[in-house]
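Engineer: Please see the structure below; I have some questions.
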Amino acid sequence: MYHDNDRAKMFNRRAAMLAGGKTALAGALVARMYYLQVVEADKYAMAAHDNRISMRLLAPPRGLILDRNGTAMAVNQHNYQVRVIAERAPSLDYTLDALSQIITLTDHDRGRIHKEAKRRRSFVPITIRENLSWEEVARIEVNAPDLPGVLIEVGQSRFYPLESLGAHILGYVAAVSETDLTGDPLEDLPGFRIGKAGVERIYDMAMRGRAGASSVEVNAVGRVINELERKEGEPGVDLTLTLDMRLQEYAAQRLGEESASVVVMDVHSGDLLVMASTPSYDPNAFNRGLTHEEWKDLSTNLRSPLQNKAISGTFAPGSTFKLVVALAALEAGVITPDQTVLCKGHMELGSIKFHCWKKGGHGSVDLNGAIKGSCDVYFYEIARRVGIDKIAEIANRFGLGVPTGIDLPNERPGLVPSRAWKRHAMKQPWHPGETLINGIGQGYCLTTPLQLAVMVARIANGGHKVVPHVARDLIVEKAALPRSVPDWGSCGVSQKNLALIRKGMFAVSNEPGGTAFRARIEQDGMWLSGKTGTAQVRRITMRERESGVKKNEELPWKERDHALFVAYAPEEKPRYAIAVVVEHGGGGSAVAAPIARDIMIEVQKRERTRTADREKSPGGAG
Amino acid sequence: MMRPTSRFSLQLNRAELSWREKLWQINWSLIALLTVIASVGFLTLYSAANGSLEPWAIKQMIRFGMGITLMIAVAVVDIRVWIRHAYIIYAVSLVLLVAVEIKGTIGMGAQRWIDLGFIQLQPSEITKIALILSLARYFHGAALQDIGRPTFLIPPLTLVLLPIALVLKQPDLGTAMMLLMSSGAIFFMAGVRMWKFGLVLAGGLGAIPVAWQFLREYQKKRVIIFMNPEQDPLGAGYHITQSKIALGSGGLFGKGYMSGTQSRLNFLPEKQTDFIFTMYAEEWGMMGGVFLLFLYSLLIAYGYAIAMRCRSQFGRLVALGITSTFFLYVFINTAMVMGLVPVVGVPLPLISYGGTAMLSLLFGWGLVMSAYIHRDTPIGRRGALDD
């Protein structure tokens, strides 16, 4: 051994120093551990909690919509969606290319997906396509190994099994837009749909239900590992409508290709049994997504399929308006039922000639005869006597010119003019001649088919201010309460005068010479009483009158008369009121009255089978 | 210096020891300590797999078993065999390093492995030991006066810088740092003057701007992110941020075994390898962390004790060199996961999942044990029996 002592001493000295250095470093480690795990522990514990706990809202199923017989009108369907998680795909284009071999993907879709992929974090799934068919789902599942990052998810989507039938009342659902925000947490859910039209919109809050919540533990890529807590939401309220879809279907068929509307309501309860507006559209198309052409067709169609004509279409009421004019005159006491007016086919006021629709005139007519024959000259005369303001007052009481208050959005109030209205809206004084024109439902007068039905209902039910509705139950907040027939309040007219009007309506439909005699109902106990109306939409010039007024068939569609008919039935014990408006359809008695007759027969038949069923069922059980 | 006083030691002061004497000398308490530390690893890997021996814990146990066997085999080999072959081993390791450079498997963006079929050989692990052996051999034959001569330090510096250059080229910053620091420890223990270290340190600091130019993009990024991890919490800073969250949220006493939410939910990357300490500390808290550091300290102290009992400079330097390398593993890994040093790929010794590191570390402890068994064996300048 040689000179080892020096080296050993050096070694030991240095070892002690090195050990000291290492101890210092170890001390630094412990200090750091203390800093992270004790001093800053709360901060990191919070960060860890935020990392792993994610609150997820649970969308409750939307309430169903049923008709009065329980026929499903709006249901929820599984909506298969294909989504991609960009992070799990080697490249987004690769996956989309592979997927486009299996399902159709438009360039538009691809553009949207790329845009979304850029905006979102790479582990957030992006919807590629919705509403996949079973076959498409199966094809994707089979090819799953070749489609990295692709997953199929099941959502809920709204489906309207009756398609275009009742579409205007149902409305549709669509994604939430900025202006719809109410603060309901559900609105933040991706893919959440809210009612945008019809009862879907009016009763949206009740049908939405209440959001549930699930707090889940997620891992670093957002995948749910474990559910920690779950609070179920409340499903939306199911909505039962007063509509009878079998009648609705019949009415729609009966209207056929016409641009028309039919409203049938219960004169006592206000239940709407039929509310048809043709042409219609398939609300499911909105869910599927419309093509540009489809949308163009719908929005530019002259017969406006998107509009619910029953509440948003306003038409001059024509001779149907004479019912309230007569009532106003009777109430004001300016006529008695027996007083007659001589109709020579026209009437002069100052220098202007006002024509009756019957060229030769009606001769001498009393109230009943005037309603029955719809004599214009008689109504010119009594309108002149009673004045426009009284007519407007009575018309308003019977639901014309004011919103009916139906539980549907976009109802239009129509218009019944008055002196005050003209002064205010047109800054012009009222002309006496205008009273005459409006006295036969022309001029400024505009009404919706629903208002006409309400008018007849109030005449038929003895002057009770019935208000129509489509929801069977009263929806209060998020609950459905059974409706009791309320005390509607009175229109404030005498029963005697109402009876006179009804007598006139009876004559229209059931006495020879009545304008709707040919469209009467002959079955016992189903007789109807009505009033025709033919609303002129163009001005007839003096020259044309001399050369002979053009027939409707000779005119372009847009210039043809509106055909109207209002009625109630059964005649002895009124139960149903109907209003039919066929836009540019021609004459009320020839076009609208037969439609009303057929539908009223169907309505009363349905009621009889229902009553029979009800009487049979206890016996059957015993 | 301790002098052999026991019955056995007196007998050991001979050139040749019998197999029985060697086995008797094997330091079983050291093996027990290594097993305790490795067992912490098994438990943590079992937890990392959500309470399953598959896929990590069971393999790690088998590797540990193999490693212990290898360690004992290394320990009973005559220490003079190692000193004689030190340079050859060093040369082989250099050849292997060049081989990965030429024909290596691409992994993790750096070429580090040679696939031998049954095992993926990581030459840098061999280099760590080979460098210690060759430096120890060089300084074993040097007197203190020799070390005072600057020219005398040129060969060992070359020994150090060659593999470092090759490792940096891979590029493996972590291993290069460890080679540099463990060599530094040996130079220091051999008695190189303090001011020379100061000189090198100053020179090194001055070279940083130059070295920066040679760093790969991802290495630069790691260093930048290390300075400010919050600037990119979902990108490159993710590892550090998530590691600190997991560790910090463990608190003083931890979330409990098998209850570490962050690691379990995969917020923590590489929880079974480089970031296993984070997972361990999330579940066991600061108490657990300090306990583990205490175990490591015992092991390192053990290495020091063995080094100081060696009568040969070679044995002393090998034992201390291995111990220092081991310390560097522990320090760099734990400091990294706690955000004290940049993220470099250094495993937590005996605990991180991985075969090569486990085998090379236990090989190293085999050398330390060999130094203990042969602590009184006289060794000549070049490894011959006393000359």
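Chain lettering (A, B, ...) mirrors the order of the structure tokens, residue numbering begins at 1 for each chain separately, and ligand numbering begins at 1 in order of display.
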Enumerate as a ChimeraX atom specification the residues belonging to chain B that approach chain A to within 9 Å, with only C-alpha atoms taken into account.

Structural biologist: /B:1,143-144,185,188-191,242,244-254,261-262,264-268,281-282,285-286,289-290,293,297,301,304,308,311-313,316-317,320,324,327,331,334-335,338-340,378-380,386-387

Engineer: Any chance you could list, as a ChimeraX atom specification, the residues in range 119-173 of chain B that come up helix (DSSP H, G or I) when DSSP is run on the backbone?

Structural biologist: /B:123-140,144-148,150-169,173

Engineer: With N, CA and C atoms retained, write the just-selected residues as a compact mmCIF listing (two decimals), in the first residue's frame.

Structural biologist:
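File written: again_4.txt
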```txt
# COMPACT_ATOMS: atom_id res chain seq x y z
N PRO B 123 -27.76 2.47 -24.12
CA PRO B 123 -26.31 2.62 -23.88
C PRO B 123 -25.99 3.72 -22.87
N SER B 124 -26.82 4.75 -22.78
CA SER B 124 -26.49 5.83 -21.85
C SER B 124 -26.49 5.34 -20.40
N GLU B 125 -27.32 4.32 -20.13
CA GLU B 125 -27.32 3.76 -18.77
C GLU B 125 -25.99 3.07 -18.48
N ILE B 126 -25.48 2.34 -19.50
CA ILE B 126 -24.19 1.67 -19.33
C ILE B 126 -23.08 2.71 -19.18
N THR B 127 -23.24 3.78 -19.94
CA THR B 127 -22.22 4.83 -19.90
C THR B 127 -22.06 5.41 -18.51
N LYS B 128 -23.20 5.59 -17.81
CA LYS B 128 -23.13 6.17 -16.47
C LYS B 128 -22.20 5.34 -15.58
N ILE B 129 -22.31 4.02 -15.67
CA ILE B 129 -21.48 3.15 -14.84
C ILE B 129 -20.06 3.07 -15.40
N ALA B 130 -19.97 2.95 -16.72
CA ALA B 130 -18.66 2.82 -17.35
C ALA B 130 -17.78 4.04 -17.06
N LEU B 131 -18.38 5.20 -17.07
CA LEU B 131 -17.63 6.43 -16.82
C LEU B 131 -17.12 6.46 -15.38
N ILE B 132 -17.99 6.05 -14.46
CA ILE B 132 -17.56 6.01 -13.05
C ILE B 132 -16.39 5.04 -12.88
N LEU B 133 -16.52 3.85 -13.49
CA LEU B 133 -15.46 2.85 -13.37
C LEU B 133 -14.15 3.37 -13.95
N SER B 134 -14.21 3.97 -15.12
CA SER B 134 -12.95 4.39 -15.75
C SER B 134 -12.32 5.58 -15.03
N LEU B 135 -13.17 6.51 -14.56
CA LEU B 135 -12.61 7.64 -13.80
C LEU B 135 -11.99 7.15 -12.49
N ALA B 136 -12.72 6.21 -11.86
CA ALA B 136 -12.22 5.67 -10.60
C ALA B 136 -10.88 4.97 -10.83
N ARG B 137 -10.79 4.26 -11.94
CA ARG B 137 -9.52 3.60 -12.22
C ARG B 137 -8.42 4.64 -12.43
N TYR B 138 -8.72 5.71 -13.17
CA TYR B 138 -7.70 6.71 -13.46
C TYR B 138 -7.19 7.35 -12.18
N PHE B 139 -8.14 7.74 -11.33
CA PHE B 139 -7.72 8.43 -10.09
C PHE B 139 -7.16 7.47 -9.05
N HIS B 140 -7.53 6.16 -9.19
CA HIS B 140 -6.98 5.17 -8.27
C HIS B 140 -5.46 5.15 -8.36
N LEU B 144 -1.86 12.47 -4.86
CA LEU B 144 -2.43 13.81 -4.73
C LEU B 144 -1.62 14.84 -5.52
N GLN B 145 -0.26 14.61 -5.52
CA GLN B 145 0.58 15.56 -6.24
C GLN B 145 0.27 15.56 -7.73
N ASP B 146 -0.01 14.36 -8.25
CA ASP B 146 -0.35 14.25 -9.68
C ASP B 146 -1.58 15.10 -10.00
N ILE B 147 -2.55 15.00 -9.11
CA ILE B 147 -3.83 15.67 -9.36
C ILE B 147 -3.65 17.17 -9.39
N GLY B 148 -2.65 17.64 -8.71
CA GLY B 148 -2.38 19.07 -8.71
C GLY B 148 -1.94 19.57 -10.07
N PRO B 150 -2.30 20.40 -13.81
CA PRO B 150 -3.43 20.55 -14.74
C PRO B 150 -3.39 19.54 -15.88
N THR B 151 -2.23 19.26 -16.44
CA THR B 151 -2.15 18.35 -17.58
C THR B 151 -2.62 16.96 -17.19
N PHE B 152 -2.48 16.63 -15.92
CA PHE B 152 -2.91 15.31 -15.45
C PHE B 152 -4.43 15.17 -15.59
N LEU B 153 -5.12 16.27 -15.61
CA LEU B 153 -6.59 16.21 -15.66
C LEU B 153 -7.13 16.12 -17.07
N ILE B 154 -6.24 16.23 -18.06
CA ILE B 154 -6.74 16.20 -19.44
C ILE B 154 -7.35 14.84 -19.82
N PRO B 155 -6.65 13.71 -19.53
CA PRO B 155 -7.28 12.42 -19.90
C PRO B 155 -8.65 12.19 -19.26
N PRO B 156 -8.79 12.40 -17.93
CA PRO B 156 -10.13 12.16 -17.36
C PRO B 156 -11.19 13.11 -17.92
N LEU B 157 -10.77 14.34 -18.22
CA LEU B 157 -11.75 15.27 -18.79
C LEU B 157 -12.21 14.77 -20.16
N THR B 158 -11.29 14.21 -20.92
CA THR B 158 -11.65 13.64 -22.21
C THR B 158 -12.63 12.49 -22.01
N LEU B 159 -12.30 11.65 -21.00
CA LEU B 159 -13.19 10.53 -20.67
C LEU B 159 -14.62 11.03 -20.41
N VAL B 160 -14.71 12.16 -19.77
CA VAL B 160 -16.03 12.69 -19.42
C VAL B 160 -16.72 13.31 -20.63
N LEU B 161 -15.97 14.10 -21.39
CA LEU B 161 -16.59 14.90 -22.43
C LEU B 161 -17.03 14.10 -23.65
N LEU B 162 -16.31 13.02 -23.96
CA LEU B 162 -16.68 12.20 -25.12
C LEU B 162 -18.11 11.68 -25.03
N PRO B 163 -18.42 10.92 -23.97
CA PRO B 163 -19.81 10.43 -23.89
C PRO B 163 -20.84 11.54 -23.76
N ILE B 164 -20.46 12.63 -23.07
CA ILE B 164 -21.43 13.73 -22.92
C ILE B 164 -21.79 14.30 -24.29
N ALA B 165 -20.76 14.46 -25.14
CA ALA B 165 -21.01 14.98 -26.48
C ALA B 165 -21.96 14.05 -27.23
N LEU B 166 -21.69 12.74 -27.13
CA LEU B 166 -22.53 11.78 -27.84
C LEU B 166 -23.97 11.78 -27.31
N VAL B 167 -24.10 11.85 -25.99
CA VAL B 167 -25.44 11.83 -25.39
C VAL B 167 -26.21 13.09 -25.75
N LEU B 168 -25.49 14.21 -25.78
CA LEU B 168 -26.16 15.47 -26.15
C LEU B 168 -26.66 15.42 -27.58
N LYS B 169 -25.97 14.66 -28.42
CA LYS B 169 -26.32 14.59 -29.82
C LYS B 169 -27.61 13.78 -30.02
N LEU B 173 -30.61 15.62 -22.73
CA LEU B 173 -30.07 16.63 -21.83
C LEU B 173 -29.92 16.09 -20.41
```

Engineer: What is the distance between CA of Ala310 in chain A and CA of Ala420 in chain A, in Å to one decimal?

Structural biologist: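 These atoms are spaced 27.6 Å apart.
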
Engineer: Please, what distance in Å, to one decimal, runs between CA of Tyr568 in chain A and CA of Val591 in chain A?

Structural biologist: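 A separation of 17.4 Å between them.
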
Engineer: Mind checking which residues fall within 9 Å of Cys375 in chain A, counting only C-alpha atoms, ignoring those fewer than 6 positions away in the same chain, and posting them as JSON, numbers by chain?

Structural biologist: {"A": [319, 343, 345, 356, 357, 358, 361, 362, 365, 369]}

Engineer: Could you give me, as a PyMOL selection string, the residues within 8 Å of Ile128 in chain A, counting only C-alpha atoms and dropping anything in the same chain fewer than 4 positions from it?

Structural biologist: chain A and resi 81-84+109+113

Engineer: Now that the selection is made, can you save its residues with all heavy atoms as a PDB file, in the first residue's frame?

Structural biologist:
```pdb
ATOM      1  N   GLN A  81     -76.878  11.136 -33.730  1.00  0.00           N
ATOM      2  CA  GLN A  81     -75.952  12.136 -34.257  1.00  0.00           C
ATOM      3  C   GLN A  81     -74.575  11.519 -34.359  1.00  0.00           C
ATOM      4  O   GLN A  81     -74.186  10.741 -33.501  1.00  0.00           O
ATOM      5  CB  GLN A  81     -75.870  13.330 -33.297  1.00  0.00           C
ATOM      6  CG  GLN A  81     -77.219  13.960 -33.046  1.00  0.00           C
ATOM      7  CD  GLN A  81     -77.179  14.938 -31.887  1.00  0.00           C
ATOM      8  OE1 GLN A  81     -76.258  14.897 -31.062  1.00  0.00           O
ATOM      9  NE2 GLN A  81     -78.162  15.800 -31.824  1.00  0.00           N
ATOM     10  N   VAL A  82     -73.859  11.869 -35.390  1.00  0.00           N
ATOM     11  CA  VAL A  82     -72.476  11.414 -35.484  1.00  0.00           C
ATOM     12  C   VAL A  82     -71.594  12.601 -35.151  1.00  0.00           C
ATOM     13  O   VAL A  82     -71.802  13.704 -35.631  1.00  0.00           O
ATOM     14  CB  VAL A  82     -72.157  10.794 -36.864  1.00  0.00           C
ATOM     15  CG1 VAL A  82     -72.476  11.748 -37.999  1.00  0.00           C
ATOM     16  CG2 VAL A  82     -70.701  10.363 -36.935  1.00  0.00           C
ATOM     17  N   ARG A  83     -70.654  12.355 -34.225  1.00  0.00           N
ATOM     18  CA  ARG A  83     -69.778  13.429 -33.783  1.00  0.00           C
ATOM     19  C   ARG A  83     -68.328  12.993 -33.930  1.00  0.00           C
ATOM     20  O   ARG A  83     -68.047  11.809 -34.032  1.00  0.00           O
ATOM     21  CB  ARG A  83     -70.038  13.760 -32.312  1.00  0.00           C
ATOM     22  CG  ARG A  83     -71.424  14.284 -32.102  1.00  0.00           C
ATOM     23  CD  ARG A  83     -71.611  14.670 -30.673  1.00  0.00           C
ATOM     24  NE  ARG A  83     -72.968  15.169 -30.459  1.00  0.00           N
ATOM     25  CZ  ARG A  83     -73.461  15.436 -29.266  1.00  0.00           C
ATOM     26  NH1 ARG A  83     -72.736  15.265 -28.189  1.00  0.00           N
ATOM     27  NH2 ARG A  83     -74.686  15.871 -29.136  1.00  0.00           N
ATOM     28  N   VAL A  84     -67.455  13.944 -33.923  1.00  0.00           N
ATOM     29  CA  VAL A  84     -66.034  13.626 -34.010  1.00  0.00           C
ATOM     30  C   VAL A  84     -65.295  14.383 -32.914  1.00  0.00           C
ATOM     31  O   VAL A  84     -65.625  15.521 -32.593  1.00  0.00           O
ATOM     32  CB  VAL A  84     -65.441  13.962 -35.401  1.00  0.00           C
ATOM     33  CG1 VAL A  84     -65.520  15.445 -35.700  1.00  0.00           C
ATOM     34  CG2 VAL A  84     -64.018  13.448 -35.521  1.00  0.00           C
ATOM     35  N   ASP A 109     -71.066  21.197 -44.929  1.00  0.00           N
ATOM     36  CA  ASP A 109     -70.874  20.511 -43.642  1.00  0.00           C
ATOM     37  C   ASP A 109     -69.398  20.541 -43.241  1.00  0.00           C
ATOM     38  O   ASP A 109     -69.058  20.860 -42.110  1.00  0.00           O
ATOM     39  CB  ASP A 109     -71.314  19.043 -43.751  1.00  0.00           C
ATOM     40  CG  ASP A 109     -72.834  18.899 -43.770  1.00  0.00           C
ATOM     41  OD1 ASP A 109     -73.510  19.796 -43.246  1.00  0.00           O
ATOM     42  OD2 ASP A 109     -73.323  17.891 -44.314  1.00  0.00           O
ATOM     43  N   ILE A 113     -67.634  22.113 -39.929  1.00  0.00           N
ATOM     44  CA  ILE A 113     -66.923  21.274 -38.958  1.00  0.00           C
ATOM     45  C   ILE A 113     -65.514  21.819 -38.715  1.00  0.00           C
ATOM     46  O   ILE A 113     -65.051  21.925 -37.583  1.00  0.00           O
ATOM     47  CB  ILE A 113     -66.870  19.813 -39.451  1.00  0.00           C
ATOM     48  CG1 ILE A 113     -68.275  19.214 -39.451  1.00  0.00           C
ATOM     49  CG2 ILE A 113     -65.943  18.978 -38.584  1.00  0.00           C
ATOM     50  CD1 ILE A 113     -68.427  18.022 -40.365  1.00  0.00           C
TER      51      ILE A 113
END
```

Engineer: Residues near Asp204 in chain A, anyone? I mean within 10 Å using only C-alpha atoms, not counting same-chain ones fewer than 5 positions away, as a list in words.

Structural biologist: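 Counting only C-alpha atoms, the residues come to Arg62, Gly63, Val173, Arg193, Ile194, Gly195, Lys196, Ala197, Gly198, Val199, Gly209, Gly236, Val237 and Lys478 of chain A.
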
Engineer: Would you mind exporting the chosen residues as a PDB file, in the first residue's frame, restricted to N, CA and C atoms?

Structural biologist:
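See result-v8.pdb below for the written result:
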```
ATOM      1  N   ARG A  62     -89.190  16.845 -23.459  1.00  0.00           N
ATOM      2  CA  ARG A  62     -90.177  17.883 -23.729  1.00  0.00           C
ATOM      3  C   ARG A  62     -91.561  17.265 -23.674  1.00  0.00           C
ATOM      4  N   GLY A  63     -92.538  18.038 -23.172  1.00  0.00           N
ATOM      5  CA  GLY A  63     -93.904  17.552 -23.086  1.00  0.00           C
ATOM      6  C   GLY A  63     -94.449  17.178 -24.453  1.00  0.00           C
ATOM      7  N   VAL A 173     -90.071  23.677 -33.211  1.00  0.00           N
ATOM      8  CA  VAL A 173     -89.001  24.029 -32.271  1.00  0.00           C
ATOM      9  C   VAL A 173     -87.722  24.285 -33.059  1.00  0.00           C
ATOM     10  N   ARG A 193     -83.628  22.755 -27.959  1.00  0.00           N
ATOM     11  CA  ARG A 193     -84.565  23.412 -28.863  1.00  0.00           C
ATOM     12  C   ARG A 193     -85.710  24.019 -28.061  1.00  0.00           C
ATOM     13  N   ILE A 194     -86.175  25.155 -28.491  1.00  0.00           N
ATOM     14  CA  ILE A 194     -87.323  25.775 -27.854  1.00  0.00           C
ATOM     15  C   ILE A 194     -88.396  26.013 -28.891  1.00  0.00           C
ATOM     16  N   GLY A 195     -89.643  26.190 -28.411  1.00  0.00           N
ATOM     17  CA  GLY A 195     -90.768  26.432 -29.303  1.00  0.00           C
ATOM     18  C   GLY A 195     -90.640  27.802 -29.956  1.00  0.00           C
ATOM     19  N   LYS A 196     -90.826  27.818 -31.262  1.00  0.00           N
ATOM     20  CA  LYS A 196     -90.654  29.072 -31.986  1.00  0.00           C
ATOM     21  C   LYS A 196     -91.972  29.572 -32.571  1.00  0.00           C
ATOM     22  N   ALA A 197     -92.971  28.702 -32.631  1.00  0.00           N
ATOM     23  CA  ALA A 197     -94.249  29.134 -33.196  1.00  0.00           C
ATOM     24  C   ALA A 197     -95.342  28.261 -32.595  1.00  0.00           C
ATOM     25  N   GLY A 198     -96.590  28.669 -32.788  1.00  0.00           N
ATOM     26  CA  GLY A 198     -97.724  27.874 -32.353  1.00  0.00           C
ATOM     27  C   GLY A 198     -97.725  27.572 -30.866  1.00  0.00           C
ATOM     28  N   VAL A 199     -98.391  26.467 -30.485  1.00  0.00           N
ATOM     29  CA  VAL A 199     -98.447  26.133 -29.058  1.00  0.00           C
ATOM     30  C   VAL A 199     -97.062  25.745 -28.538  1.00  0.00           C
ATOM     31  N   GLY A 209     -90.103  21.665 -19.148  1.00  0.00           N
ATOM     32  CA  GLY A 209     -89.783  20.957 -17.918  1.00  0.00           C
ATOM     33  C   GLY A 209     -88.643  21.661 -17.200  1.00  0.00           C
ATOM     34  N   GLY A 236     -91.292  17.799 -19.064  1.00  0.00           N
ATOM     35  CA  GLY A 236     -92.223  18.865 -19.420  1.00  0.00           C
ATOM     36  C   GLY A 236     -93.672  18.381 -19.327  1.00  0.00           C
ATOM     37  N   VAL A 237     -94.587  19.341 -19.221  1.00  0.00           N
ATOM     38  CA  VAL A 237     -96.019  19.030 -19.142  1.00  0.00           C
ATOM     39  C   VAL A 237     -96.507  18.561 -20.513  1.00  0.00           C
ATOM     40  N   LYS A 478     -95.929  25.612 -14.506  1.00  0.00           N
ATOM     41  CA  LYS A 478     -95.526  24.361 -15.138  1.00  0.00           C
ATOM     42  C   LYS A 478     -96.494  23.240 -14.794  1.00  0.00           C
TER      43      LYS A 478
END
```

Engineer: What is the CA of Ala392 in chain A-CA of Ala328 in chain A distance in Å, reported with one decimal?

Structural biologist: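 Computed distance, CA of Ala392 in chain A to CA of Ala328 in chain A, equals 8.6 Å.
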